[in-house]
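Trainee: My structure is below; once you've seen it, I'll send some questions.
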Amino acid sequence: MSHDEHHAGESSNYLNHGKGIMSWLATLDHKRIGIMYLWTTLLFFFFGGIAALLVRYELIAPGQTIMTADQYNKAFTYHGTIMVFMVIIPLIPAALGNFFLPMQVGAKDVAFPRLNLASYYVYLAGAALATSTLFLKGVDTGWTFYTPYSIRTGTNASMVVMGAFIMGFSSIFTGLNFIVTIHKLRAPGLTWSRLPLFCWALYATSIIQVLATPVIALTTFLLFLERAMGIGIFDPALGGDPVLFQHFFWFYSHPAVYIMVLPGMGVINEIIPVFSRKPMFGYTAMALAIFGIALVSFVVWGHHMFVSNQSDLANFLFSLITMFVAVPTGVKVFGWVATMYKGRIIFKTPMLYAFAFLFVFTIGGLTGIFLATLASDVHLTHTYFVVAHFHYVMVGGTIMAFLGGMHYWWPKIWGRMYNETQAKLACLVIFLGFNVTFFPQFVLGSRGMPRRYYDYLPEFTALNRMSTYGSWMIGAGLLWVAIYMIYAIYRGEKASSNPWNAMTLEWQTTSPPHHENFTTIPKVTDGPYEFKDA
Amino acid sequence: MSHDNHHSGGSHEEHKHHILPESMGIKIWLILLFFTFITVWIAQFDFGAWNFIIAMAVATFKATLVCMFFMGLKYDSKENVVIFCTSFLFVTFFMILTFADVLIRSDSIPKGEAFFKTASGPAKFKKPWNSTPEIVAHGKALFDAQCVTCHGSAGQGNGPASAGLNPKPRNFTATDGWKNGRKPSVIVGTLTKGLNSMPAFATLPAEDRWALAHYVTQFGPSIDKDSPADLTKAGVDTSKDVIGEVVSKSVPVDFVIERMSEDNR
Amino acid sequence: MGNKNHHAHHFESAAAEFEASKQGLWVFLVNEVLFFAGLFVAYAIYRILNPDLMHEAHKYLNWKLGATNTVVLICSSLTMALGVTAAQKGQQKKSANLILVTILLACVFLVIKYFEYMHKIHEGLLPGGLFSYHEPIHPKAPQFFSVYFVLTGLHGIHVIGGIVVLAWIYMRTLRGEFTDKYFTPVECTGLYWHFVDLVWIYLFPLLYLAS
């Protein structure tokens, strides 16, 4: 593989290394693949967001507002399917992770660049197959595809399920790549105990992706066969067990929740020490806690099934084990807070998102206890309480962390700064909008408003209206972020190579980085958060 | 090439590849063939549950040989050994916890026709609108299970859950406040439809509601009786032995799913 | 591509690249284990809940063909292992021949499987709703054949995938792309092929000899 001629001096970077559309579409550069993932996932985030706004707008008042009950079922199914499979699973690992994991370990690329590119196209193919159903009959099963309804529905469930099947492979390829990259391509001196926590988080995520995703691949494949030829493994009419589907589904989909949130935690792990100018409090405990969460995540899936006529023993075991999630999660939250304690906190946008993350994620985590407790879950599981909890964890956890990470790394990706004032204000709008949207849903849920329903009792109107107004705030905030961030790419102030004075390796090279990341492979002599000015 | 397994773990140092000697490969192959024969041969005998255990033990032994020698895991880095073995740990989690549900779950919720049978239940009492000591005893059992949390075990409306209720639960020992009278047919009506903070108990079979009504009237200072006109008004056909009412808790899920999917086709 | 002794730019040395590739394949095999795990769980559940089911249903599978296929796969594993050994020693010609034998054995496996399948389809011993055997066997027999067809079918797809990859490796060996310094694709394909054998080692007693 011969190297292209190098552009003169500083200006040579991965963005101007190779021109034309093919230099992007056929690139093996992890940074460019990361960027392609970024734009694609953000595009789907936009579609999923539109679906969410439509669902919320329908619920602004009882009765029919803008769509029929059938259309409503499809709208929330698309919201869930797009957001889960096409957005938050690949968002941080495949976009930010692809870009920064090799840089943080001091490598020139991921271990298998071709596999990396393949994972992008596999993802695109799966996403295209799943979303193409929008132009056919759509799908109305909800993102969980529970049997037996998903076997019987006349909508295009098969295509969406196969789309999820295909996207699973993309996730597996990314995970495989990251595991080998972290094992084999660390720069000299970068021992495990000097690995940045973002890498630790992605490492744990990758392990989950490799261990759990094949199970959803099999499950969706069996569901497809069930629909195509009636193999009778899940179909009760043929003597199958529909609850078995739930076991198979959640064996993947519960760990998948951690595929979504662990990389978010990883981003927060990077931001908090840098903007507190202090080493990470309890680095080893923080790294172990990530693995604790990943491990426990595999043995708690049954807490999604407390009302599925699961056996009492299983209910008891899953409720008990679920409580253990609180231990490593608590370690993480306390670790972050302890890192900030007596630090010199710099209130830049990434740090504001880290605060938002901590606030929102803690509420999400604490309300999880109500749902892990068998007795209260039976009452809450089919209500908006679960919707609120899930969004506090997923949006509050993953999306806040993603936005924080995007603001943190934008100068590195493009070599340009965004407008700090606008960024802070937009962060405030999103944070407020988020709480206005989802906090009322806790109240609605605890008062018994069922989730997934098209209509509701008149006494729930005020809170639903508030929630819908909040969704507009989030939409406006995100749109604002999109505008000034894209503006920054073209017109932003030039960024220095290390605007935040961070110690991790991605900041030790130029902004935007060189085609091969580093002109010489760095030697690591210190931990990732040993700040000189601390 | 040496057999010395010197391994680098995660480091980048030069690594000597282990090469499986041909003679070793053929030996392993012969052992594998031999144990395939053993598996088939032993399956002819009936050892009960042991057949399965033996078959799995032999298969695992064969698999281990393939892993260690053909796949070279014996000479590979520890990292790869750990990676591959991890998969079996998680398969074990998967199996054990799924079994914890599926193998001991009892289908406690009856479905379809069976569902309707249990919901209505076979008639235990003939003409339940007539108070008898047996039906009152049945009413007490039901009352202790369903009603005491609000109404209290003495029927004074002071059960533990009454604190949060407004209006307060009915005090059965007093005569005041009974807007519709204290006749059993009226109490059955309240049980069926609910009243203020009192929820409807329409899920109970009709004869159970009558049993409760008969028991509840016993708390009071006087026992009011239904006249034949009252019974007719309550929809009771006194010429029959049972109350011809279909009680349905809910619609079976299968039925709803069938209907919904038909709508979608 | 075509870089005989070179290694990709992001690796320090050819040895580092080899180690990384091999580890990648191990991680892939972990994913494969979990992929098959779901079906083994389903199998175990139906077996434990219906102890008589397997006993009844396995009689309709031909254990002689199953045993023959086991022997065929074990032999193919041997030829594969010897092929890898030859490649590691730089004996290109020998390696190519052994890989070719492996491909042929894989084809024999598929042919035998084809006749088994045809027989089942002819008899109506089919999965779930398609089950149409002329006499009643066991109420859950359709489930047994679902598990049988999906498990062996997915295994068969892996065999077909293996043949494709082996054919590619065979072509590359003939072109002389591998040396005693660079044989990563041969060794990795070998690992995959042994895994396919590994799955069958369990499938054979579980499906054909269940009593």
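Residue numbering restarts at 1 for every chain of the structure tokens, chains are lettered A, B, ... in their displayed order, and ligands are numbered from 1 as they appear.
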Could you list, as a list in words, every residue within 6 Å of stretch 96-101 of chain C, counting only C-alpha atoms and ignoring same-chain residues fewer than 3 positions away?

Mentor: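 Neighbouring residues, sequence-local ones excluded: Thr79, Gly83, Lys93, Leu104, Tyr170 and Thr173 of chain C.
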
Trainee: Tell me, counting only C-alpha atoms, for each residue of chain A within 10 Å of chain C, which pair of atoms is nearest and how far apart they are in Å to one decimal, in rows ordered by chain and increasing number, as a tab-separated table.

Mentor:
residue	atom	partner	partner_atom	distance
A:Met1	CA	C:Ala8	CA	7.2
A:Ser2	CA	C:His9	CA	9.0
A:His3	CA	C:His9	CA	9.1
A:Ala107	CA	C:His10	CA	6.8
A:Lys108	CA	C:His10	CA	5.0
A:Asp109	CA	C:His10	CA	5.8
A:Val110	CA	C:His10	CA	7.9
A:Ala111	CA	C:Ala20	CA	6.9
A:Phe112	CA	C:Ser21	CA	8.0
A:Pro113	CA	C:His10	CA	9.5
A:Ile172	CA	C:Asn31	CA	7.9
A:Phe173	CA	C:Phe28	CA	8.5
A:Gly175	CA	C:Val27	CA	9.2
A:Leu176	CA	C:Val27	CA	6.2
A:Asn177	CA	C:Gly24	CA	7.2
A:Phe178	CA	C:Gly24	CA	9.7
A:Ile179	CA	C:Gly24	CA	8.1
A:Val180	CA	C:Gly24	CA	6.0
A:Thr181	CA	C:Ala20	CA	7.9
A:His183	CA	C:Ala20	CA	8.2
A:Lys184	CA	C:Ala20	CA	6.1
A:Leu185	CA	C:Phe11	CA	7.4
A:Ile207	CA	C:Val27	CA	9.1
A:Gln209	CA	C:Asn31	CA	8.8
A:Val210	CA	C:Asn31	CA	5.4
A:Leu211	CA	C:Asn31	CA	5.7
A:Ala212	CA	C:Leu34	CA	7.2
A:Thr213	CA	C:Asn31	CA	7.9
A:Pro214	CA	C:Phe35	CA	4.6
A:Val215	CA	C:Phe35	CA	5.3
A:Ile216	CA	C:Phe35	CA	8.3
A:Ala217	CA	C:Phe35	CA	7.2
A:Leu218	CA	C:Phe35	CA	6.0
A:Thr219	CA	C:Gly38	CA	7.7
A:Phe221	CA	C:Val150	CA	9.9
A:Leu222	CA	C:Val150	CA	8.4
A:Leu225	CA	C:Val150	CA	9.1
A:Glu226	CA	C:Gly128	CA	8.7
A:Met229	CA	C:Gly129	CA	7.1
A:Gly230	CA	C:Gly129	CA	5.1
A:Ile231	CA	C:Gly128	CA	4.0
A:Gly232	CA	C:Gly128	CA	4.5
A:Ile233	CA	C:Gln143	CA	6.3
A:Phe234	CA	C:Gln143	CA	9.8
A:Asp235	CA	C:Gly128	CA	9.1
A:Ala237	CA	C:Gly129	CA	9.2
A:Leu238	CA	C:Gly129	CA	6.4
A:Gly239	CA	C:Lys140	CA	7.0
A:Gly240	CA	C:Gln143	CA	7.5
A:Asp241	CA	C:Ala42	CA	9.9
A:Leu244	CA	C:Ala42	CA	8.2
A:His247	CA	C:Gly38	CA	9.8
A:Phe248	CA	C:Gly38	CA	7.1
A:Phe251	CA	C:Gly38	CA	9.7
A:Glu516	CA	C:His10	CA	8.3

Trainee: The selected residues should be written to file as a PDB file, in the first residue's frame (atoms: C-alpha atoms).

Mentor:
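Written file, selection-v7.pdb:
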ATOM      1  CA  MET A   1       0.000   0.000   0.000  1.00  0.00           C
ATOM      2  CA  SER A   2       1.844   3.061  -1.156  1.00  0.00           C
ATOM      3  CA  HIS A   3       1.346   6.364   0.541  1.00  0.00           C
ATOM      4  CA  ALA A 107      -2.903   3.752  16.518  1.00  0.00           C
ATOM      5  CA  LYS A 108      -2.995   4.693  12.860  1.00  0.00           C
ATOM      6  CA  ASP A 109      -6.268   2.923  12.266  1.00  0.00           C
ATOM      7  CA  VAL A 110      -8.563   0.235  13.651  1.00  0.00           C
ATOM      8  CA  ALA A 111      -7.319  -3.334  13.367  1.00  0.00           C
ATOM      9  CA  PHE A 112      -9.489  -4.214  10.349  1.00  0.00           C
ATOM     10  CA  PRO A 113     -10.185  -1.127   8.223  1.00  0.00           C
ATOM     11  CA  ILE A 172     -20.830  -6.996  15.658  1.00  0.00           C
ATOM     12  CA  PHE A 173     -18.186  -5.904  13.142  1.00  0.00           C
ATOM     13  CA  GLY A 175     -17.367  -4.445  18.326  1.00  0.00           C
ATOM     14  CA  LEU A 176     -14.961  -7.047  16.985  1.00  0.00           C
ATOM     15  CA  ASN A 177     -12.803  -4.346  15.465  1.00  0.00           C
ATOM     16  CA  PHE A 178     -12.627  -2.340  18.677  1.00  0.00           C
ATOM     17  CA  ILE A 179     -11.765  -5.335  20.843  1.00  0.00           C
ATOM     18  CA  VAL A 180      -8.825  -6.313  18.652  1.00  0.00           C
ATOM     19  CA  THR A 181      -7.741  -2.688  18.243  1.00  0.00           C
ATOM     20  CA  HIS A 183      -5.800  -5.487  22.548  1.00  0.00           C
ATOM     21  CA  LYS A 184      -3.269  -5.254  19.769  1.00  0.00           C
ATOM     22  CA  LEU A 185      -2.749  -1.681  18.629  1.00  0.00           C
ATOM     23  CA  ILE A 207     -17.832  -7.110  24.376  1.00  0.00           C
ATOM     24  CA  GLN A 209     -22.001  -6.198  21.084  1.00  0.00           C
ATOM     25  CA  VAL A 210     -20.125  -9.384  20.265  1.00  0.00           C
ATOM     26  CA  LEU A 211     -21.807 -11.492  22.941  1.00  0.00           C
ATOM     27  CA  ALA A 212     -25.382 -10.269  22.728  1.00  0.00           C
ATOM     28  CA  THR A 213     -25.997  -9.148  19.162  1.00  0.00           C
ATOM     29  CA  PRO A 214     -25.817 -12.664  17.665  1.00  0.00           C
ATOM     30  CA  VAL A 215     -28.746 -13.623  19.858  1.00  0.00           C
ATOM     31  CA  ILE A 216     -30.960 -10.883  18.412  1.00  0.00           C
ATOM     32  CA  ALA A 217     -29.771 -11.930  14.966  1.00  0.00           C
ATOM     33  CA  LEU A 218     -31.034 -15.420  15.630  1.00  0.00           C
ATOM     34  CA  THR A 219     -34.230 -14.155  17.245  1.00  0.00           C
ATOM     35  CA  PHE A 221     -34.257 -14.643  11.946  1.00  0.00           C
ATOM     36  CA  LEU A 222     -36.573 -17.067  13.763  1.00  0.00           C
ATOM     37  CA  LEU A 225     -39.116 -17.764   9.556  1.00  0.00           C
ATOM     38  CA  GLU A 226     -42.144 -17.808  11.826  1.00  0.00           C
ATOM     39  CA  MET A 229     -43.424 -20.447   7.024  1.00  0.00           C
ATOM     40  CA  GLY A 230     -44.799 -20.861  10.535  1.00  0.00           C
ATOM     41  CA  ILE A 231     -42.058 -22.840  12.270  1.00  0.00           C
ATOM     42  CA  GLY A 232     -44.066 -22.795  15.479  1.00  0.00           C
ATOM     43  CA  ILE A 233     -41.290 -21.972  17.932  1.00  0.00           C
ATOM     44  CA  PHE A 234     -42.874 -18.700  19.072  1.00  0.00           C
ATOM     45  CA  ASP A 235     -46.393 -19.006  17.673  1.00  0.00           C
ATOM     46  CA  ALA A 237     -51.311 -21.286  17.690  1.00  0.00           C
ATOM     47  CA  LEU A 238     -48.757 -23.850  16.507  1.00  0.00           C
ATOM     48  CA  GLY A 239     -47.747 -24.928  20.012  1.00  0.00           C
ATOM     49  CA  GLY A 240     -44.871 -22.486  20.390  1.00  0.00           C
ATOM     50  CA  ASP A 241     -44.054 -20.254  23.335  1.00  0.00           C
ATOM     51  CA  LEU A 244     -39.665 -17.467  24.806  1.00  0.00           C
ATOM     52  CA  HIS A 247     -36.468 -14.055  26.635  1.00  0.00           C
ATOM     53  CA  PHE A 248     -34.506 -14.190  23.391  1.00  0.00           C
ATOM     54  CA  PHE A 251     -31.225 -11.316  26.251  1.00  0.00           C
ATOM     55  CA  GLU A 516      -2.423   8.676   9.673  1.00  0.00           C
TER      56      GLU A 516
END

Trainee: Using only C-alpha atoms, determine which residues of chain B fall within 9 Å of chain C; present them as a short mmCIF file (atom, residue, chain, number, x, y, z; two decimals) with N, CA and C atoms, in the first residue's frame.

Mentor:
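Wrote result.cif, looks like this:
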data_model
loop_
_atom_site.label_atom_id
_atom_site.label_comp_id
_atom_site.auth_asym_id
_atom_site.auth_seq_id
_atom_site.Cartn_x
_atom_site.Cartn_y
_atom_site.Cartn_z
N SER B 11 1.32 -7.80 23.67
CA SER B 11 2.44 -7.00 23.18
C SER B 11 2.70 -7.26 21.71
N HIS B 12 3.57 -6.49 21.14
CA HIS B 12 3.80 -6.54 19.71
C HIS B 12 5.05 -7.32 19.34
N GLU B 13 5.63 -7.99 20.31
CA GLU B 13 6.92 -8.62 20.02
C GLU B 13 6.75 -9.79 19.05
N GLU B 14 7.84 -10.15 18.46
CA GLU B 14 7.85 -11.24 17.46
C GLU B 14 7.31 -12.52 18.09
N HIS B 15 6.48 -13.23 17.34
CA HIS B 15 5.80 -14.37 17.90
C HIS B 15 6.14 -15.60 17.08
N LYS B 16 6.54 -16.67 17.73
CA LYS B 16 6.82 -17.91 17.00
C LYS B 16 5.51 -18.67 16.82
N HIS B 17 5.20 -19.02 15.60
CA HIS B 17 3.95 -19.75 15.36
C HIS B 17 4.13 -21.20 15.71
N ILE B 19 3.31 -24.91 15.01
CA ILE B 19 2.84 -25.70 13.87
C ILE B 19 2.45 -27.08 14.37
N LEU B 20 1.24 -27.50 14.04
CA LEU B 20 0.77 -28.81 14.47
C LEU B 20 1.49 -29.88 13.64
N PRO B 21 2.25 -30.78 14.30
CA PRO B 21 2.93 -31.82 13.52
C PRO B 21 1.89 -32.75 12.88
N GLU B 22 2.22 -33.25 11.69
CA GLU B 22 1.26 -34.10 10.98
C GLU B 22 0.89 -35.34 11.77
N GLY B 25 -1.63 -34.52 14.29
CA GLY B 25 -2.94 -34.30 13.67
C GLY B 25 -3.64 -35.62 13.40
N ILE B 26 -2.89 -36.59 12.89
CA ILE B 26 -3.50 -37.88 12.56
C ILE B 26 -3.91 -38.61 13.82
N ILE B 28 -4.94 -37.24 16.63
CA ILE B 28 -6.17 -36.60 17.10
C ILE B 28 -7.35 -37.06 16.26
N TRP B 29 -7.12 -37.15 14.96
CA TRP B 29 -8.17 -37.57 14.03
C TRP B 29 -8.66 -38.97 14.39
N LEU B 32 -10.72 -38.90 17.49
CA LEU B 32 -12.05 -38.35 17.21
C LEU B 32 -12.94 -39.40 16.55
N LEU B 33 -12.39 -40.14 15.59
CA LEU B 33 -13.18 -41.18 14.93
C LEU B 33 -13.59 -42.26 15.93
N THR B 36 -16.39 -41.02 18.00
CA THR B 36 -17.64 -40.98 17.24
C THR B 36 -18.28 -42.36 17.26
N PHE B 37 -17.44 -43.38 17.06
CA PHE B 37 -17.94 -44.75 17.12
C PHE B 37 -18.53 -45.04 18.50
N THR B 39 -19.83 -42.97 20.63
CA THR B 39 -21.11 -42.28 20.80
C THR B 39 -22.24 -43.09 20.18
N VAL B 40 -22.02 -43.57 18.96
CA VAL B 40 -23.06 -44.32 18.27
C VAL B 40 -23.32 -45.64 18.97
N ALA B 43 -25.20 -45.43 22.29
CA ALA B 43 -26.60 -44.99 22.19
C ALA B 43 -27.55 -46.17 22.08
N GLN B 44 -27.02 -47.36 21.76
CA GLN B 44 -27.91 -48.53 21.64
C GLN B 44 -28.40 -49.00 23.00
N ASP B 46 -29.66 -48.61 26.95
CA ASP B 46 -30.52 -47.67 27.66
C ASP B 46 -30.00 -47.49 29.08
N GLY B 48 -30.98 -44.76 30.77
CA GLY B 48 -31.84 -43.69 31.29
C GLY B 48 -31.21 -42.34 31.03
N ALA B 49 -31.23 -41.50 32.06
CA ALA B 49 -30.72 -40.14 31.91
C ALA B 49 -29.23 -40.11 31.58
N ASN B 51 -27.61 -41.70 29.37
CA ASN B 51 -27.31 -41.67 27.94
C ASN B 51 -26.94 -40.27 27.49
N PHE B 52 -27.79 -39.35 27.92
CA PHE B 52 -27.59 -37.96 27.51
C PHE B 52 -26.29 -37.42 28.08
N ALA B 55 -23.38 -38.90 26.24
CA ALA B 55 -23.26 -38.35 24.89
C ALA B 55 -22.65 -36.95 24.93
N MET B 56 -23.11 -36.14 25.91
CA MET B 56 -22.61 -34.77 25.99
C MET B 56 -21.16 -34.74 26.45
N ALA B 59 -19.10 -35.67 23.48
CA ALA B 59 -19.08 -34.56 22.52
C ALA B 59 -18.16 -33.45 23.02
N THR B 60 -18.25 -33.16 24.32
CA THR B 60 -17.41 -32.09 24.87
C THR B 60 -15.93 -32.48 24.80
N LYS B 62 -14.58 -34.44 22.55
CA LYS B 62 -14.18 -34.29 21.15
C LYS B 62 -13.98 -32.81 20.81
N ALA B 63 -14.93 -32.00 21.25
CA ALA B 63 -14.85 -30.57 20.94
C ALA B 63 -13.58 -29.97 21.53
N THR B 64 -13.25 -30.42 22.76
CA THR B 64 -12.05 -29.89 23.41
C THR B 64 -10.80 -30.26 22.60
N VAL B 66 -10.63 -30.84 19.39
CA VAL B 66 -10.60 -30.02 18.18
C VAL B 66 -10.08 -28.63 18.52
N CYS B 67 -10.61 -28.06 19.62
CA CYS B 67 -10.21 -26.70 20.02
C CYS B 67 -8.72 -26.65 20.31
N PHE B 69 -6.12 -28.78 19.70
CA PHE B 69 -5.06 -29.16 18.76
C PHE B 69 -5.33 -28.63 17.35
N PHE B 70 -6.50 -28.97 16.77
CA PHE B 70 -6.75 -28.49 15.41
C PHE B 70 -6.79 -26.96 15.37
N MET B 71 -7.43 -26.38 16.38
CA MET B 71 -7.51 -24.93 16.38
C MET B 71 -6.33 -24.31 17.13
N GLY B 72 -5.52 -25.14 17.72
CA GLY B 72 -4.28 -24.67 18.32
C GLY B 72 -4.45 -23.82 19.57
N GLU B 79 -4.93 -14.78 26.01
CA GLU B 79 -5.99 -13.84 25.65
C GLU B 79 -7.07 -14.53 24.82
N ASN B 80 -6.62 -15.27 23.78
CA ASN B 80 -7.58 -15.93 22.91
C ASN B 80 -8.33 -17.03 23.63
N VAL B 81 -7.64 -17.72 24.55
CA VAL B 81 -8.31 -18.76 25.33
C VAL B 81 -9.43 -18.14 26.15
N ILE B 83 -10.93 -15.29 25.65
CA ILE B 83 -11.98 -14.78 24.77
C ILE B 83 -12.95 -15.89 24.40
N PHE B 84 -12.39 -17.04 23.95
CA PHE B 84 -13.27 -18.09 23.47
C PHE B 84 -14.08 -18.69 24.62
N CYS B 85 -13.44 -18.87 25.78
CA CYS B 85 -14.16 -19.47 26.91
C CYS B 85 -15.26 -18.55 27.44
N THR B 86 -15.07 -17.25 27.31
CA THR B 86 -16.10 -16.30 27.77
C THR B 86 -17.45 -16.63 27.15
N SER B 87 -17.42 -17.02 25.87
CA SER B 87 -18.69 -17.26 25.19
C SER B 87 -19.50 -18.32 25.94
N PHE B 88 -18.83 -19.35 26.45
CA PHE B 88 -19.58 -20.42 27.12
C PHE B 88 -20.14 -19.96 28.45
N PHE B 90 -21.35 -17.03 28.99
CA PHE B 90 -22.57 -16.28 28.73
C PHE B 90 -23.68 -17.18 28.19
N VAL B 91 -23.31 -18.24 27.49
CA VAL B 91 -24.32 -19.21 27.08
C VAL B 91 -24.94 -19.83 28.34
N PHE B 94 -27.41 -17.49 29.84
CA PHE B 94 -28.57 -17.49 28.95
C PHE B 94 -29.46 -18.69 29.27
N MET B 95 -28.84 -19.87 29.36
CA MET B 95 -29.62 -21.09 29.59
C MET B 95 -30.26 -21.09 30.96
N THR B 98 -33.09 -18.52 31.47
CA THR B 98 -34.28 -18.82 30.67
C THR B 98 -34.99 -20.03 31.27
N PHE B 99 -34.20 -21.03 31.69
CA PHE B 99 -34.80 -22.21 32.32
C PHE B 99 -35.55 -21.83 33.58
N VAL B 102 -38.92 -20.77 31.99
CA VAL B 102 -39.71 -21.64 31.11
C VAL B 102 -39.97 -23.00 31.73
N LEU B 103 -38.99 -23.56 32.42
CA LEU B 103 -39.16 -24.93 32.88
C LEU B 103 -40.09 -25.04 34.08
#

Trainee: Could you write out as an MDAnalysis selection string the residues of chain A within 7 Å of chain B, counting only C-alpha atoms?

Mentor: chainID A and resid 149 152:155 183:184 211 247 299 310:311 313:314

Trainee: Restricting the calculation to only C-alpha atoms: of B:Trp41, B:Phe219, B:Trp129, B:Trp50, which residue gets closest to B:Ala234?

Mentor: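 Ranking B:Trp41, B:Phe219, B:Trp129, B:Trp50 by distance to B:Ala234, first place goes to B:Trp129.
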
Trainee: Extract, using only C-alpha atoms, all DNA, RNA and protein residues at most 12 Å from A:Phe347, discarding same-chain residues fewer than 2 positions from it, and format them as a PyMOL selection string.

Mentor: chain A and resi 271-272+274-277+340+343-345+349-355+420-421+423-424+500

Trainee: Skipping near chain neighbours, those fewer than 3 positions away, what residues fall within 9 Å of A:Glu506 using only C-alpha atoms, listed as a VMD selection string?

Mentor: chain A and resid 100 to 106 412 498 502 to 503 509 to 510 513 517 to 518

Trainee: Would you put the residues from that selection into a file with N, CA and C atoms, as a short mmCIF file (atom, residue, chain, number, x, y, z; two decimals), in the first residue's frame?

Mentor:
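Ended up saving to out.cif:
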data_model
loop_
_atom_site.label_atom_id
_atom_site.label_comp_id
_atom_site.auth_asym_id
_atom_site.auth_seq_id
_atom_site.Cartn_x
_atom_site.Cartn_y
_atom_site.Cartn_z
N PHE A 100 -12.37 8.36 17.41
CA PHE A 100 -11.42 8.66 18.49
C PHE A 100 -10.79 7.47 19.18
N LEU A 101 -11.40 6.28 19.07
CA LEU A 101 -10.77 5.15 19.75
C LEU A 101 -9.36 4.88 19.23
N PRO A 102 -9.16 4.76 17.90
CA PRO A 102 -7.78 4.51 17.44
C PRO A 102 -6.85 5.65 17.83
N MET A 103 -7.36 6.89 17.82
CA MET A 103 -6.49 8.01 18.19
C MET A 103 -6.13 7.95 19.66
N GLN A 104 -7.10 7.59 20.50
CA GLN A 104 -6.81 7.54 21.93
C GLN A 104 -5.84 6.43 22.29
N VAL A 105 -5.83 5.35 21.51
CA VAL A 105 -4.86 4.29 21.82
C VAL A 105 -3.55 4.52 21.05
N GLY A 106 -3.49 5.59 20.28
CA GLY A 106 -2.25 5.91 19.58
C GLY A 106 -1.99 5.02 18.38
N LYS A 412 -11.53 19.13 17.27
CA LYS A 412 -10.55 18.16 16.78
C LYS A 412 -10.97 17.61 15.42
N ASN A 498 -5.08 21.66 20.79
CA ASN A 498 -5.53 21.17 22.10
C ASN A 498 -6.24 22.27 22.88
N ALA A 502 -6.25 18.93 27.20
CA ALA A 502 -6.47 17.55 27.63
C ALA A 502 -5.21 16.75 27.43
N MET A 503 -5.12 15.60 28.11
CA MET A 503 -3.90 14.82 28.07
C MET A 503 -3.99 13.59 27.17
N THR A 509 -2.11 15.61 18.60
CA THR A 509 -1.82 15.73 17.18
C THR A 509 -2.53 16.98 16.66
N THR A 510 -2.39 17.24 15.37
CA THR A 510 -2.97 18.46 14.82
C THR A 510 -4.49 18.39 14.77
N PRO A 513 -6.88 16.07 12.46
CA PRO A 513 -5.72 15.18 12.51
C PRO A 513 -5.18 14.85 11.15
N ASN A 517 -3.21 9.96 11.55
CA ASN A 517 -3.40 10.37 12.94
C ASN A 517 -2.19 11.06 13.54
N PHE A 518 -1.05 10.37 13.54
CA PHE A 518 0.14 10.93 14.16
C PHE A 518 1.28 10.87 13.16
#

Trainee: Could you tell me how far atom CA of A:Ala372 lies from atom CA of A:Phe306, in Å and to one decimal?

Mentor: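 Separation between atom CA of A:Ala372 and atom CA of A:Phe306: 9.3 Å.
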
Trainee: Would you mind listing what lies within 9 Å of A:Leu295 as a list in words, with only C-alpha atoms counted and same-chain residues fewer than 3 positions away left out?

Mentor: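 Once the nearby chain positions are removed, what remains is Ala204, Ile208, Pro255, Ile290, Phe291, Gly292, Phe298 and Val299 of chain A.
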
Trainee: For those residues, write C-alpha atoms to a file as a short mmCIF file (atom, residue, chain, number, x, y, z; two decimals), in the first residue's frame.

Mentor:
data_model
loop_
_atom_site.label_atom_id
_atom_site.label_comp_id
_atom_site.auth_asym_id
_atom_site.auth_seq_id
_atom_site.Cartn_x
_atom_site.Cartn_y
_atom_site.Cartn_z
CA ALA A 204 -17.02 -3.09 27.47
CA ILE A 208 -21.58 -6.74 24.81
CA PRO A 255 -27.51 -5.52 27.33
CA ILE A 290 -17.93 -0.25 33.57
CA PHE A 291 -17.23 -3.96 33.44
CA GLY A 292 -19.47 -4.59 36.42
CA PHE A 298 -26.48 -9.90 30.87
CA VAL A 299 -28.34 -11.43 33.78
#

Trainee: Stretch 73-190 of chain C: which residues are helix (DSSP H, G or I) by DSSP, as a count of residues only?

Mentor: 92

Trainee: Figure out the distance between atom CA of A:Lys278 and atom CA of A:Glu530, please, to one decimal in Å.

Mentor: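 Computing it gives 7.5 Å between the two atoms.
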
Trainee: Tell me, in Å to one decimal, how far atom CA of A:Phe460 is from atom CA of A:Thr398.

Mentor: 28.7 Å

Trainee: Tell me, as a list in words, which residues lie within 10 Å of stretch 187-198 of chain B, counting only C-alpha atoms; anything in the same chain fewer than 5 positions away does not count.

Mentor: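 Selected residues are Trp129, Cys150, Ser162, Leu165, Asn166, Pro167, Lys168, Pro169, Arg170, Asn180, Gly181, Arg182, Thr203, Leu204, Pro205, Ala206, Glu207, Asp208, Arg209, Trp210, Ala211, Leu212, Ala213, His214, Val216, Thr217 and Ala234 of chain B.
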